[in-house]
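Taking it in order: structure first as structure tokens, then the write-up.
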Amino acid sequence: MILAALFFVPLGCVQKRLVTNTRGGYYNGMVVCAYPDAAKVGIDILKKGGNAVDAAVAVQFALAVSYPDAGNIGGGGFMVYRSKTGETNTLDFREKGPAGASANMYLDAAGNVIPNMSLYTHKASGVPGSVDGMVQAHQKYGKIKWADLVQPAIDLARNGFKITKPFAYELNHLKAQIEKLNPGKTYLIKDAEWHEGDILVQEDLAKTLEQIRDKGREGFYDGIVADQIVAEIKTGDGLISKADLQNYHSVWRKAVIGNYKGYKIITMPPPSSGGIALLQLLQSVEKYPLKRWGYNQDSTVRLIVEAERRVYADRSKYFGDPDFYKVPVDSLLKPAYISSRMSNFSWDAATPSSSIQPGTFAGYESDQTTHYSIVDHEGNAVSITTTLNDSYGSKIFVKGAGFLLNNEMDDFSSKPGVPNMYGLVGGKANSIQPGKRMLSSMTPTIVEKDGKLFMVVGTPGGSTIITSVFQTIINVIEFGQDMQQAVASKRFHHQWLPDEIAAEKGALDSLTTIKLQSKGYKINNRRGIGRVDAILKTTQGYQGGADPRGDDTKLGY
Ligand code: GLY
């Protein structure tokens, strides 16, 4: 029966249908992001004729409603863009230190870092950049009316949406902390437990989004919403002022571009460390036969770990906001420099991190940021990573406005050599200064092959972002994995300090583990590393990779 039916269908159609069904190939466009409702908003914009930037703007606002964990209007992020003709650009809408910020603002009289002050207080927030970023992106590349891009998020906030099981679990888990930090407020809180399928309605957030819909940038950085932000900040003796909000502007920056075995890697420049670190990692391993060694086999892991150790040591010293500190981009990417960094790597034993550069360490756990990848019917591509820093940021809501403040100030170096929440250390390059952007690891990236779009990729994960993007790229290029496999594959990570390999359960088989341990590598198993959302362009259409570690969703058409 089936054969007979296929026989009468024109061959081209048969091939296209079969490919679509078996490989998930889509020919017109695709959205991959952290939450199903936001993915639906994005794909609907693409189907209405919007381009990738239109869809990205709509997804950003929809995530601010449906994924308050990291989707935001109170945070910031980075966009990497590649047009259908290969033009590249990046937008930096990273938060900035308020004018009242100062180098020692998180230190006590004895010069010690005050625990949690840069994380869960009104002083923890940088000046938010997301709304200005979306306005800028839309003005430069958007086709669809601004209001039509914000409206779906308003509808989600006002009408509510069904929450997933992990979302319900998270809200129940965070209840005590949200209540403590938001006395008298009820955002995301209810008396009974949350359950899968419950409807979450956010009326205050809907009203804030209406201001943004109707007034654009001014709807957030001026007027009632700005007043609400400043009033909230004052209740906790925080720093963000009306002037800080009005002075915030995102910045277009030239992409950093590198090559890996003929693939062109288009990625984010400082104030992200991610792009340069990614290129350093790729260069460090390029001359070795990873493909022959195999996915996560001991030689592969050892080489990658040794490269990561050296790159993260560089990160602690040389990276900061380029508007305040001259990041030595060219020197860091010189082939001779990369070779010299790898020259003391030995197959005999692990290189102790203390011999690369001294430092100290404290625990790192949270990894909440979010990434989305979009391609449209013309072939324009957008890769955006956006964040409040910690999961639900500072966990402090702006009263009356219904959104969360970021705690991005923790991404600055509060004190040289003292690690932040991700265990990352820094110094002068990333010291706190008014108007300066804090260093990030976010690595939104687009890969080209033979002058054509190849991959759109990125992930949350704090310090693990860079290594997760790196592993996803080599999973495809070296190990021949398809996009979904490359995203789902188990990951490992080394960041110089602490001197250990963080590995997801199952990332390293027992033989590899024994071999690594015998050479002096310490392995620490940890929960999921990263949540990569990516798109691969194949001859059989777009293939999505939605990370199974979360509610991540891929929709194509
Ligand atoms: N807040 C995490 C990062 O920007 O790297």
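Ordering of the structure tokens sets the chain letters (A, B, ...), residue numbers begin anew at 1 in every chain, and ligands are numbered from 1 in the order given.
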Can you pull out every residue with an atom within 7 Å of ligand 1? Use only C-alpha atoms and all ligand atoms and format it as a list in words. Thr369, Thr387, Leu388, Asn389, Asp390, Glu408, Asp411, Leu439, Ser440, Ser441, Met442, Gly462 and Ser463 of chain A
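Contact shell of Ser316 (chain A) at 7 Å (only C-alpha atoms; same-chain neighbours under 6 positions omitted): Val425, Gly426 and Gly427 of chain A.
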Original post:
What are the DSSP strand (DSSP E or B) residues of region 3-205 of chain A, as a list in words?
Top reply: Tyr26, Met30, Val31, Val32, Cys33, Gly76, Gly77, Phe78, Met79, Val80, Tyr81, Arg82, Thr88, Asn89, Thr90, Leu91, Asp92, Phe93, Lys96, Leu107, Val113, Val127, Phe161, Lys162, Ile199 and Leu200 of chain A
Within 7 Å of Ala206 (chain A) using only C-alpha atoms, minus same-chain residues under 3 positions, as JSON, numbers by chain: {"A": [154, 157, 158, 202, 203, 209, 210]}
Could you save those same residues with all heavy atoms as a CSV table (one decimal), in the first residue's frame?
```csv
chain,number,residue,atom,x,y,z
A,154,ILE,N,3.4,39.6,25.2
A,154,ILE,CA,2.3,40.2,26.0
A,154,ILE,C,1.2,39.2,26.2
A,154,ILE,O,0.7,39.0,27.3
A,154,ILE,CB,1.8,41.5,25.4
A,154,ILE,CG1,2.9,42.5,25.3
A,154,ILE,CG2,0.6,42.1,26.2
A,154,ILE,CD1,2.6,43.8,24.5
A,157,ALA,N,2.1,36.5,28.6
A,157,ALA,CA,2.1,37.0,30.0
A,157,ALA,C,0.7,37.1,30.5
A,157,ALA,O,0.4,36.8,31.6
A,157,ALA,CB,2.9,38.3,30.1
A,158,ARG,N,-0.1,37.7,29.7
A,158,ARG,CA,-1.5,38.0,30.1
A,158,ARG,C,-2.4,36.8,30.2
A,158,ARG,O,-3.1,36.6,31.1
A,158,ARG,CB,-2.1,39.1,29.2
A,158,ARG,CG,-3.6,39.4,29.6
A,158,ARG,CD,-3.9,40.8,29.2
A,158,ARG,NE,-3.2,41.9,29.9
A,158,ARG,CZ,-2.6,42.9,29.3
A,158,ARG,NH1,-2.7,43.1,28.0
A,158,ARG,NH2,-2.0,43.8,30.1
A,202,GLN,N,1.2,36.5,34.2
A,202,GLN,CA,2.1,37.5,34.7
A,202,GLN,C,1.6,38.9,34.3
A,202,GLN,O,2.1,39.5,33.3
A,202,GLN,CB,3.5,37.3,34.3
A,202,GLN,CG,4.1,36.0,34.8
A,202,GLN,CD,5.4,35.6,34.1
A,202,GLN,OE1,6.5,36.1,34.4
A,202,GLN,NE2,5.3,34.7,33.1
A,203,GLU,N,0.6,39.4,34.9
A,203,GLU,CA,-0.1,40.6,34.5
A,203,GLU,C,0.8,41.9,34.5
A,203,GLU,O,0.8,42.7,33.6
A,203,GLU,CB,-1.4,40.8,35.3
A,203,GLU,CG,-2.2,42.1,35.0
A,203,GLU,CD,-2.6,42.2,33.5
A,203,GLU,OE1,-2.8,41.2,32.8
A,203,GLU,OE2,-2.7,43.4,33.0
A,209,LEU,N,5.6,45.0,29.2
A,209,LEU,CA,5.8,44.7,27.8
A,209,LEU,C,5.0,45.6,26.9
A,209,LEU,O,5.4,46.0,25.8
A,209,LEU,CB,5.5,43.2,27.5
A,209,LEU,CG,6.6,42.3,28.1
A,209,LEU,CD1,6.1,40.8,28.1
A,209,LEU,CD2,7.9,42.3,27.3
A,210,GLU,N,3.8,46.0,27.4
A,210,GLU,CA,3.0,47.0,26.6
A,210,GLU,C,3.7,48.3,26.4
A,210,GLU,O,3.6,49.0,25.4
A,210,GLU,CB,1.6,47.2,27.2
A,210,GLU,CG,0.7,46.0,26.9
A,210,GLU,CD,-0.6,46.0,27.7
A,210,GLU,OE1,-0.7,46.7,28.7
A,210,GLU,OE2,-1.6,45.4,27.2
```
Non-local contacts of Gly100 (chain A) (8 Å; only C-alpha atoms; under 2 positions in same chain excluded) as a PyMOL selection string:
chain A and resi 97-98+102+239-240+434
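Shell of Val456 (chain A) at 7 Å, with only C-alpha atoms counted and residues fewer than 2 places along the chain excluded, is Ser373, Ser383, Thr445, Ile446, Val447, Ala534, Ile535 and Leu536 of chain A.
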Could you please take those selected residues and save all heavy atoms as a CSV table (one decimal), in the first residue's frame?
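out-v5.csv was written with the following content:
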```csv
chain,number,residue,atom,x,y,z
A,373,SER,N,19.0,29.9,18.5
A,373,SER,CA,19.6,29.9,17.2
A,373,SER,C,18.4,29.9,16.2
A,373,SER,O,17.5,29.2,16.4
A,373,SER,CB,20.4,28.6,16.9
A,373,SER,OG,21.5,28.6,17.8
A,383,SER,N,22.4,34.1,16.1
A,383,SER,CA,22.9,33.3,17.2
A,383,SER,C,22.9,34.3,18.4
A,383,SER,O,23.7,35.2,18.5
A,383,SER,CB,24.3,32.8,16.9
A,383,SER,OG,24.7,32.0,17.9
A,445,THR,N,27.8,31.8,18.2
A,445,THR,CA,28.7,31.5,17.1
A,445,THR,C,28.0,31.1,15.8
A,445,THR,O,27.0,30.4,15.9
A,445,THR,CB,29.8,30.4,17.5
A,445,THR,OG1,30.5,31.0,18.6
A,445,THR,CG2,30.7,30.0,16.4
A,446,ILE,N,28.5,31.4,14.7
A,446,ILE,CA,28.0,31.0,13.4
A,446,ILE,C,29.2,30.4,12.6
A,446,ILE,O,30.3,31.0,12.6
A,446,ILE,CB,27.3,32.1,12.6
A,446,ILE,CG1,26.1,32.6,13.4
A,446,ILE,CG2,26.9,31.6,11.2
A,446,ILE,CD1,25.4,33.7,12.8
A,447,VAL,N,29.0,29.2,12.0
A,447,VAL,CA,30.1,28.6,11.3
A,447,VAL,C,29.7,28.6,9.8
A,447,VAL,O,28.6,28.3,9.5
A,447,VAL,CB,30.4,27.2,11.8
A,447,VAL,CG1,31.6,26.5,11.1
A,447,VAL,CG2,30.7,27.2,13.3
A,534,ALA,N,21.2,24.5,18.6
A,534,ALA,CA,22.0,24.7,17.4
A,534,ALA,C,21.3,24.3,16.2
A,534,ALA,O,20.3,23.5,16.2
A,534,ALA,CB,23.3,24.0,17.5
A,535,ILE,N,21.7,24.8,15.1
A,535,ILE,CA,21.1,24.4,13.8
A,535,ILE,C,22.3,24.1,12.8
A,535,ILE,O,23.3,24.9,12.7
A,535,ILE,CB,20.3,25.6,13.2
A,535,ILE,CG1,19.2,26.0,14.1
A,535,ILE,CG2,19.8,25.3,11.8
A,535,ILE,CD1,18.4,27.3,13.8
A,536,LEU,N,22.1,23.0,12.0
A,536,LEU,CA,23.1,22.7,11.0
A,536,LEU,C,22.4,22.7,9.7
A,536,LEU,O,21.3,22.2,9.5
A,536,LEU,CB,23.6,21.2,11.3
A,536,LEU,CG,24.8,20.7,10.5
A,536,LEU,CD1,26.0,21.5,10.9
A,536,LEU,CD2,25.0,19.2,10.8
```
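Proximity to Phe61 (chain A) was assessed for A:Gln368, A:Ser130, A:Gln297, A:Gln246 counting only C-alpha atoms; the smallest distance is recorded for A:Ser130.
Near Gln60 (chain A), within 8 Å and counting only C-alpha atoms, sit Gly71, Asn72 and Met134 of chain A; same-chain residues fewer than 6 positions away were not included.
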Please produce a file of those selected residues containing C-alpha atoms, as a PDB file, in the first residue's frame.
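Below is the file result_6.pdb, written as the result:
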```pdb
ATOM      1  CA  GLY A  71      15.061  34.816  29.353  1.00  0.00           C
ATOM      2  CA  ASN A  72      14.879  38.440  30.284  1.00  0.00           C
ATOM      3  CA  MET A 134      16.364  44.270  20.652  1.00  0.00           C
TER       4      MET A 134
END
```
Practice problem: Mind listing the alpha helix (DSSP H) residues of region 37-108 of chain A, per DSSP on the backbone, as a PyMOL selection string? | Solution: chain A and resi 37-47+52-66
Those residues you just picked out, can you put them in a file as a CSV table (one decimal), in the first residue's frame with N, CA and C atoms?
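The resulting file, selection26.csv, is reproduced below:
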```
chain,number,residue,atom,x,y,z
A,37,ASP,N,7.0,27.3,24.2
A,37,ASP,CA,6.1,28.5,23.8
A,37,ASP,C,6.9,29.6,23.1
A,38,ALA,N,8.1,29.8,23.5
A,38,ALA,CA,8.9,30.8,22.8
A,38,ALA,C,9.4,30.3,21.4
A,39,ALA,N,9.6,29.0,21.3
A,39,ALA,CA,10.0,28.5,20.0
A,39,ALA,C,8.8,28.7,19.0
A,40,LYS,N,7.6,28.5,19.5
A,40,LYS,CA,6.4,28.6,18.7
A,40,LYS,C,6.2,30.1,18.3
A,41,VAL,N,6.5,31.0,19.2
A,41,VAL,CA,6.4,32.4,18.8
A,41,VAL,C,7.4,32.7,17.7
A,42,GLY,N,8.6,32.2,17.8
A,42,GLY,CA,9.6,32.5,16.8
A,42,GLY,C,9.3,31.9,15.4
A,43,ILE,N,8.8,30.7,15.4
A,43,ILE,CA,8.5,30.0,14.1
A,43,ILE,C,7.3,30.7,13.5
A,44,ASP,N,6.3,31.1,14.3
A,44,ASP,CA,5.2,31.8,13.7
A,44,ASP,C,5.6,33.1,13.0
A,45,ILE,N,6.6,33.8,13.6
A,45,ILE,CA,7.1,35.1,13.0
A,45,ILE,C,7.8,34.7,11.6
A,46,LEU,N,8.6,33.7,11.6
A,46,LEU,CA,9.2,33.3,10.4
A,46,LEU,C,8.2,32.9,9.3
A,47,LYS,N,7.1,32.2,9.7
A,47,LYS,CA,6.1,31.8,8.8
A,47,LYS,C,5.3,33.0,8.2
A,52,ALA,N,15.2,36.4,10.3
A,52,ALA,CA,15.7,35.8,11.5
A,52,ALA,C,15.8,36.8,12.7
A,53,VAL,N,16.1,38.0,12.4
A,53,VAL,CA,16.2,39.1,13.4
A,53,VAL,C,14.8,39.3,14.0
A,54,ASP,N,13.8,39.4,13.1
A,54,ASP,CA,12.4,39.6,13.6
A,54,ASP,C,12.1,38.5,14.6
A,55,ALA,N,12.4,37.3,14.2
A,55,ALA,CA,12.0,36.1,15.0
A,55,ALA,C,12.8,36.2,16.3
A,56,ALA,N,14.1,36.6,16.2
A,56,ALA,CA,14.9,36.7,17.4
A,56,ALA,C,14.4,37.7,18.4
A,57,VAL,N,13.9,38.8,18.0
A,57,VAL,CA,13.3,39.8,18.9
A,57,VAL,C,12.1,39.2,19.5
A,58,ALA,N,11.2,38.6,18.8
A,58,ALA,CA,10.0,38.0,19.3
A,58,ALA,C,10.4,36.9,20.3
A,59,VAL,N,11.4,36.1,20.0
A,59,VAL,CA,11.8,35.0,20.9
A,59,VAL,C,12.4,35.6,22.2
A,60,GLN,N,13.2,36.6,22.1
A,60,GLN,CA,13.8,37.3,23.3
A,60,GLN,C,12.7,37.7,24.3
A,61,PHE,N,11.6,38.3,23.8
A,61,PHE,CA,10.5,38.8,24.7
A,61,PHE,C,9.7,37.6,25.2
A,62,ALA,N,9.5,36.6,24.3
A,62,ALA,CA,8.7,35.4,24.7
A,62,ALA,C,9.5,34.6,25.8
A,63,LEU,N,10.8,34.6,25.7
A,63,LEU,CA,11.6,33.9,26.7
A,63,LEU,C,11.5,34.6,28.0
A,64,ALA,N,11.4,36.0,27.9
A,64,ALA,CA,11.4,36.8,29.2
A,64,ALA,C,10.1,36.4,30.0
A,65,VAL,N,9.1,35.9,29.3
A,65,VAL,CA,7.8,35.5,29.9
A,65,VAL,C,7.9,34.1,30.3
A,66,SER,N,8.2,33.2,29.3
A,66,SER,CA,8.1,31.8,29.5
A,66,SER,C,9.3,31.1,30.1
```
So that I can see what lies close to Gln481 (chain A), please list as an mmCIF file with N, CA and C atoms, in the first residue's frame the residues with an atom at most 12 Å from it, counting only C-alpha atoms and leaving out residues fewer than 3 positions away in the same chain.
```cif
data_model
loop_
_atom_site.group_PDB
_atom_site.id
_atom_site.type_symbol
_atom_site.label_atom_id
_atom_site.label_comp_id
_atom_site.auth_asym_id
_atom_site.auth_seq_id
_atom_site.Cartn_x
_atom_site.Cartn_y
_atom_site.Cartn_z
ATOM 1 N N LYS A 291 39.914 13.027 14.985
ATOM 2 C CA LYS A 291 39.001 12.099 14.323
ATOM 3 C C LYS A 291 39.479 10.652 14.519
ATOM 4 N N GLY A 294 39.108 9.613 18.231
ATOM 5 C CA GLY A 294 37.710 9.309 18.536
ATOM 6 C C GLY A 294 37.111 10.184 19.631
ATOM 7 N N TYR A 295 35.801 10.235 19.611
ATOM 8 C CA TYR A 295 35.010 11.059 20.532
ATOM 9 C C TYR A 295 35.254 10.651 21.996
ATOM 10 N N GLN A 471 33.047 21.829 21.984
ATOM 11 C CA GLN A 471 32.807 20.384 21.817
ATOM 12 C C GLN A 471 31.705 20.113 20.797
ATOM 13 N N THR A 472 30.691 20.981 20.774
ATOM 14 C CA THR A 472 29.606 20.758 19.808
ATOM 15 C C THR A 472 30.138 20.902 18.378
ATOM 16 N N ILE A 473 30.981 21.905 18.166
ATOM 17 C CA ILE A 473 31.543 22.110 16.824
ATOM 18 C C ILE A 473 32.401 20.907 16.410
ATOM 19 N N ILE A 474 33.267 20.446 17.319
ATOM 20 C CA ILE A 474 34.131 19.326 16.898
ATOM 21 C C ILE A 474 33.355 18.006 16.844
ATOM 22 N N ASN A 475 32.268 17.903 17.616
ATOM 23 C CA ASN A 475 31.430 16.693 17.497
ATOM 24 C C ASN A 475 30.920 16.528 16.067
ATOM 25 N N VAL A 476 30.611 17.653 15.435
ATOM 26 C CA VAL A 476 30.118 17.595 14.053
ATOM 27 C C VAL A 476 31.291 17.468 13.086
ATOM 28 N N ILE A 477 32.266 18.382 13.205
ATOM 29 C CA ILE A 477 33.330 18.435 12.192
ATOM 30 C C ILE A 477 34.269 17.234 12.289
ATOM 31 N N GLU A 478 34.640 16.850 13.505
ATOM 32 C CA GLU A 478 35.614 15.751 13.657
ATOM 33 C C GLU A 478 34.949 14.384 13.777
ATOM 34 N N GLN A 484 21.611 16.901 16.353
ATOM 35 C CA GLN A 484 20.979 16.498 17.612
ATOM 36 C C GLN A 484 21.941 15.686 18.478
ATOM 37 N N GLN A 485 22.681 14.772 17.816
ATOM 38 C CA GLN A 485 23.676 13.978 18.563
ATOM 39 C C GLN A 485 24.742 14.877 19.166
ATOM 40 N N ALA A 486 25.215 15.817 18.371
ATOM 41 C CA ALA A 486 26.313 16.689 18.805
ATOM 42 C C ALA A 486 25.901 17.501 20.023
ATOM 43 N N VAL A 487 24.621 17.862 20.070
ATOM 44 C CA VAL A 487 24.101 18.652 21.184
ATOM 45 C C VAL A 487 23.863 17.762 22.407
ATOM 46 N N ALA A 488 23.395 16.551 22.149
ATOM 47 C CA ALA A 488 23.039 15.651 23.263
ATOM 48 C C ALA A 488 24.264 14.962 23.863
ATOM 49 N N SER A 489 25.346 14.830 23.091
ATOM 50 C CA SER A 489 26.521 14.086 23.563
ATOM 51 C C SER A 489 27.009 14.621 24.902
ATOM 52 N N LEU A 536 22.125 23.042 12.047
ATOM 53 C CA LEU A 536 23.115 22.676 11.035
ATOM 54 C C LEU A 536 22.445 22.746 9.682
ATOM 55 N N GLN A 543 18.913 21.047 10.094
ATOM 56 C CA GLN A 543 18.794 20.035 11.143
ATOM 57 C C GLN A 543 18.927 20.765 12.466
ATOM 58 N N GLY A 545 19.320 20.968 16.692
ATOM 59 C CA GLY A 545 19.802 20.263 17.873
ATOM 60 C C GLY A 545 19.262 21.001 19.084
#
```
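Between CA of Ala110 (chain A) and CA of Lys317 (chain A) the separation is 24.4 Å.
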